[in-house]
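One structure below.
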Amino acid sequence: MSHMDDTEQWDGRVVIFAHPRTGSSNLCYMLLLHPKLKLAMEPFWHGYGALHPDERNYVDQITDIPSLEQALAELFARYNGMKILDYQLPEDVYDHLLLREDIRLIFLQRRNLLQAELSCHIADQTKVWGIEDMNEERRKIYENLAPVPVEAMASSLDYAVHLRDYYTRTVRRRPKETSLEVYYEDL
């Protein structure tokens with residue numbers, strides 16, 4: 001991915017494709033500081049429509065590749081990029097998106113998937129997914145976190161490993177200069 005100075009007009013599209021709890025929101029907030037980037041934050045999340053009443057709840061509309069293409073056309077008419085999480089749509093639908101030649105891809109992962117999955121379980125208990133979700137009531141929940149059942153952790157870890165391996169293979173089918181693999185631990 002090439003450097004762009006302030007005088008250049010960028011008409012490309014970028015997708016940040018991430019596993020949950022990898023710092024993808026923070027990366028988006030940093031990228032949004034660039035005046036030429038306008039990113040949709042998780043448009044395939046089930047609560048997107050409620051959070052953005054002027055937009056559709058895309059995850060309910062996407063059932064196959066043609067419906068994905070329709071959603072992408074709408075999104076790319078308003079944004080030149082988006083952040084999406086690896087579990088939000090079926091693998092075959094995401095394969096199509098990840099292999100599109102008209103996007104630049106940032107594939108954000110975490111080397112320590114156990115930490116990522118534990119963070120997901122904690123966020124699920126506390127309902128604190130980002131700093132904007134924190135309040136005094138939720139802060140107190142951290143004092144009494146329930147243990148995560150070993151079976152639940154093993155199941156979510158197995159699924160995370162499956163998604164990581166699957167999407168790594170998919171992303172590596174792209175031309176090398178069109179994607180960037182980034183690890184949370186390296187940021």
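A note on labels: chains of the structure tokens are A, B, ... as shown, every chain counts residues from 1, and ligands are counted from 1 in their shown order.
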Inset, instruction - Find the spatial neighbours of stretch 14-28 of chain A, counting only C-alpha atoms, within a cut-off of 9 Å - ignore same-chain residues fewer than 2 positions away - and output them as number ranges by chain. - result: A: 12, 30-33, 37, 39, 41, 80-87, 98, 102-110, 115-117, 119-120, 129-130, 160, 163-164, 183-185, 187
Create the file for the chosen residues now, containing C-alpha atoms and written as a CSV table (one decimal), in the first residue's frame.
```csv
chain,number,residue,atom,x,y,z
A,12,GLY,CA,-9.7,3.6,-3.6
A,30,MET,CA,-6.5,6.6,13.9
A,31,LEU,CA,-7.2,6.2,10.1
A,32,LEU,CA,-10.3,8.4,10.4
A,33,LEU,CA,-7.9,11.3,11.2
A,37,LEU,CA,-10.9,8.5,4.6
A,39,LEU,CA,-14.9,4.5,7.1
A,41,MET,CA,-17.6,1.0,11.4
A,80,ASN,CA,-14.4,4.7,0.9
A,81,GLY,CA,-13.7,2.0,3.5
A,82,MET,CA,-15.1,-0.1,6.3
A,83,LYS,CA,-14.1,-2.1,9.3
A,84,ILE,CA,-15.6,-5.6,9.5
A,85,LEU,CA,-15.2,-8.5,11.9
A,86,ASP,CA,-14.5,-12.0,10.7
A,87,TYR,CA,-17.6,-13.7,12.3
A,98,LEU,CA,-11.8,-10.3,0.5
A,102,ASP,CA,-10.9,-3.1,-6.2
A,103,ILE,CA,-10.2,-3.0,-2.5
A,104,ARG,CA,-7.1,-2.6,-0.4
A,105,LEU,CA,-7.2,-4.9,2.6
A,106,ILE,CA,-5.8,-4.6,6.1
A,107,PHE,CA,-6.0,-8.0,7.8
A,108,LEU,CA,-5.8,-7.4,11.5
A,109,GLN,CA,-5.2,-10.4,13.8
A,110,ARG,CA,-3.9,-11.3,17.2
A,115,GLN,CA,-6.2,-13.4,25.2
A,116,ALA,CA,-8.5,-12.2,22.4
A,117,GLU,CA,-11.1,-14.8,23.3
A,119,SER,CA,-11.3,-10.4,26.2
A,120,CYS,CA,-14.4,-11.3,24.2
A,129,TRP,CA,-16.8,-3.4,24.0
A,130,GLY,CA,-15.0,-0.1,23.8
A,160,ALA,CA,-11.2,-18.4,16.5
A,163,LEU,CA,-11.5,-18.4,11.3
A,164,ARG,CA,-7.9,-17.2,11.6
A,183,TYR,CA,-0.9,-8.2,14.3
A,184,TYR,CA,-2.3,-6.5,17.4
A,185,GLU,CA,0.9,-7.3,19.3
A,187,LEU,CA,0.9,-2.2,16.8
```
Inset, instruction - Just list the residues in chain A DSSP gives strand (DSSP E or B) on the backbone, as a VMD selection string. - result: chain A and resid 13 to 18 39 to 41 81 to 85 103 to 109 179 to 183
Inset, instruction - Rank nothing, just name the residue among A:Leu113, A:Leu75, A:Leu51, A:Val59 nearest to A:Ala154, using only C-alpha atoms. - result: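 Under the stated criterion, the closest residue is A:Leu113.
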Legend entry - Interatomic distance (Å, one decimal) between atom CA of A:Arg13 and atom CA of A:Glu177: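 Taking atom CA of A:Arg13 and atom CA of A:Glu177, their separation equals 14.2 Å.
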What residues in chain A get the DSSP label alpha helix (DSSP H)? Please answer as a short mmCIF file (atom, residue, chain, number, x, y, z; two decimals) with C-alpha atoms, in the first residue's frame.
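And here's selection-v9.cif as it stands now:
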```
data_model
loop_
_atom_site.label_atom_id
_atom_site.label_comp_id
_atom_site.auth_asym_id
_atom_site.auth_seq_id
_atom_site.Cartn_x
_atom_site.Cartn_y
_atom_site.Cartn_z
CA SER A 24 -9.54 -2.68 15.04
CA SER A 25 -11.66 0.15 16.43
CA ASN A 26 -8.59 2.01 17.62
CA LEU A 27 -6.96 1.50 14.21
CA CYS A 28 -10.11 2.89 12.56
CA TYR A 29 -10.14 5.93 14.83
CA MET A 30 -6.53 6.63 13.85
CA LEU A 31 -7.23 6.18 10.14
CA TYR A 48 -25.60 -1.31 13.01
CA GLY A 49 -29.05 -0.16 11.90
CA ALA A 50 -30.07 0.78 15.44
CA LEU A 51 -26.83 2.69 15.96
CA TYR A 58 -27.07 -4.81 6.38
CA VAL A 59 -26.48 -8.11 8.14
CA ASP A 60 -30.21 -8.88 7.88
CA GLN A 61 -30.13 -8.18 4.14
CA ILE A 65 -23.03 -12.78 -2.95
CA PRO A 66 -25.57 -10.72 -4.98
CA SER A 67 -27.04 -9.27 -1.76
CA LEU A 68 -23.50 -8.57 -0.51
CA GLU A 69 -22.74 -6.73 -3.76
CA GLN A 70 -25.88 -4.62 -3.35
CA ALA A 71 -24.90 -3.72 0.23
CA LEU A 72 -21.33 -2.91 -0.84
CA ALA A 73 -22.58 -0.66 -3.63
CA GLU A 74 -24.65 1.29 -1.10
CA LEU A 75 -21.84 1.46 1.44
CA PHE A 76 -19.13 2.41 -1.07
CA ALA A 77 -21.40 5.18 -2.38
CA ARG A 78 -21.08 6.83 1.05
CA GLU A 91 -17.27 -17.50 5.05
CA ASP A 92 -18.21 -17.86 1.37
CA VAL A 93 -19.67 -14.34 1.34
CA TYR A 94 -16.57 -12.90 3.01
CA ASP A 95 -14.33 -14.82 0.57
CA HIS A 96 -15.96 -12.90 -2.27
CA LEU A 97 -15.40 -9.57 -0.53
CA LEU A 98 -11.82 -10.35 0.51
CA LEU A 113 -5.96 -15.86 20.40
CA LEU A 114 -6.48 -16.98 23.99
CA GLN A 115 -6.17 -13.37 25.16
CA ALA A 116 -8.51 -12.22 22.39
CA GLU A 117 -11.14 -14.80 23.28
CA LEU A 118 -10.88 -14.11 27.02
CA SER A 119 -11.29 -10.41 26.24
CA CYS A 120 -14.44 -11.27 24.24
CA HIS A 121 -15.88 -13.20 27.19
CA ILE A 122 -15.12 -10.34 29.58
CA ALA A 123 -16.64 -7.80 27.19
CA ASP A 124 -19.71 -9.98 26.85
CA GLN A 125 -20.15 -10.02 30.65
CA THR A 126 -19.49 -6.33 31.17
CA GLU A 136 -19.54 3.57 36.69
CA GLU A 137 -22.09 0.75 36.85
CA ARG A 138 -20.21 -1.33 34.31
CA ARG A 139 -16.90 -0.56 35.99
CA LYS A 140 -18.20 -2.29 39.14
CA ILE A 141 -18.96 -5.44 37.15
CA VAL A 150 -13.50 -24.06 30.26
CA GLU A 151 -15.82 -25.62 27.67
CA ALA A 152 -16.99 -22.21 26.49
CA MET A 153 -13.42 -20.95 26.24
CA ALA A 154 -12.31 -24.08 24.37
CA SER A 155 -15.22 -23.78 21.93
CA SER A 156 -14.64 -20.09 21.20
CA LEU A 157 -10.90 -20.67 20.87
CA ASP A 158 -11.48 -23.52 18.38
CA TYR A 159 -13.74 -21.25 16.34
CA ALA A 160 -11.22 -18.39 16.45
CA VAL A 161 -8.43 -20.70 15.25
CA HIS A 162 -10.67 -21.95 12.44
CA LEU A 163 -11.50 -18.40 11.31
CA ARG A 164 -7.88 -17.25 11.56
CA ASP A 165 -6.60 -20.18 9.50
CA TYR A 166 -9.41 -19.99 6.97
CA TYR A 167 -9.12 -16.26 6.33
CA THR A 168 -5.33 -16.31 6.32
CA ARG A 169 -5.51 -18.74 3.41
CA THR A 170 -8.08 -16.54 1.66
CA VAL A 171 -6.14 -13.30 2.15
#
```
Legend entry - Å distance separating atom CA of A:Glu101 from atom CA of A:Tyr79, one decimal place: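 Atom-to-atom, atom CA of A:Glu101 to atom CA of A:Tyr79, that is 17.2 Å.
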Legend entry - Distance in Å - atom CA of A:Val128 versus atom CA of A:Arg111: 22.3 Å
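When only C-alpha atoms are used to measure the gap to A:Lys38, the shortest distance among A:Glu143, A:Asp186, A:Asp11, A:Asp133 belongs to A:Asp11.
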Legend entry - Residue nearest A:His52 among A:Ala40, A:Leu89, A:Ala146, A:Met134 (counting only C-alpha atoms):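 Checking each of A:Ala40, A:Leu89, A:Ala146, A:Met134 against A:His52, counting only C-alpha atoms, the winner is A:Ala40.
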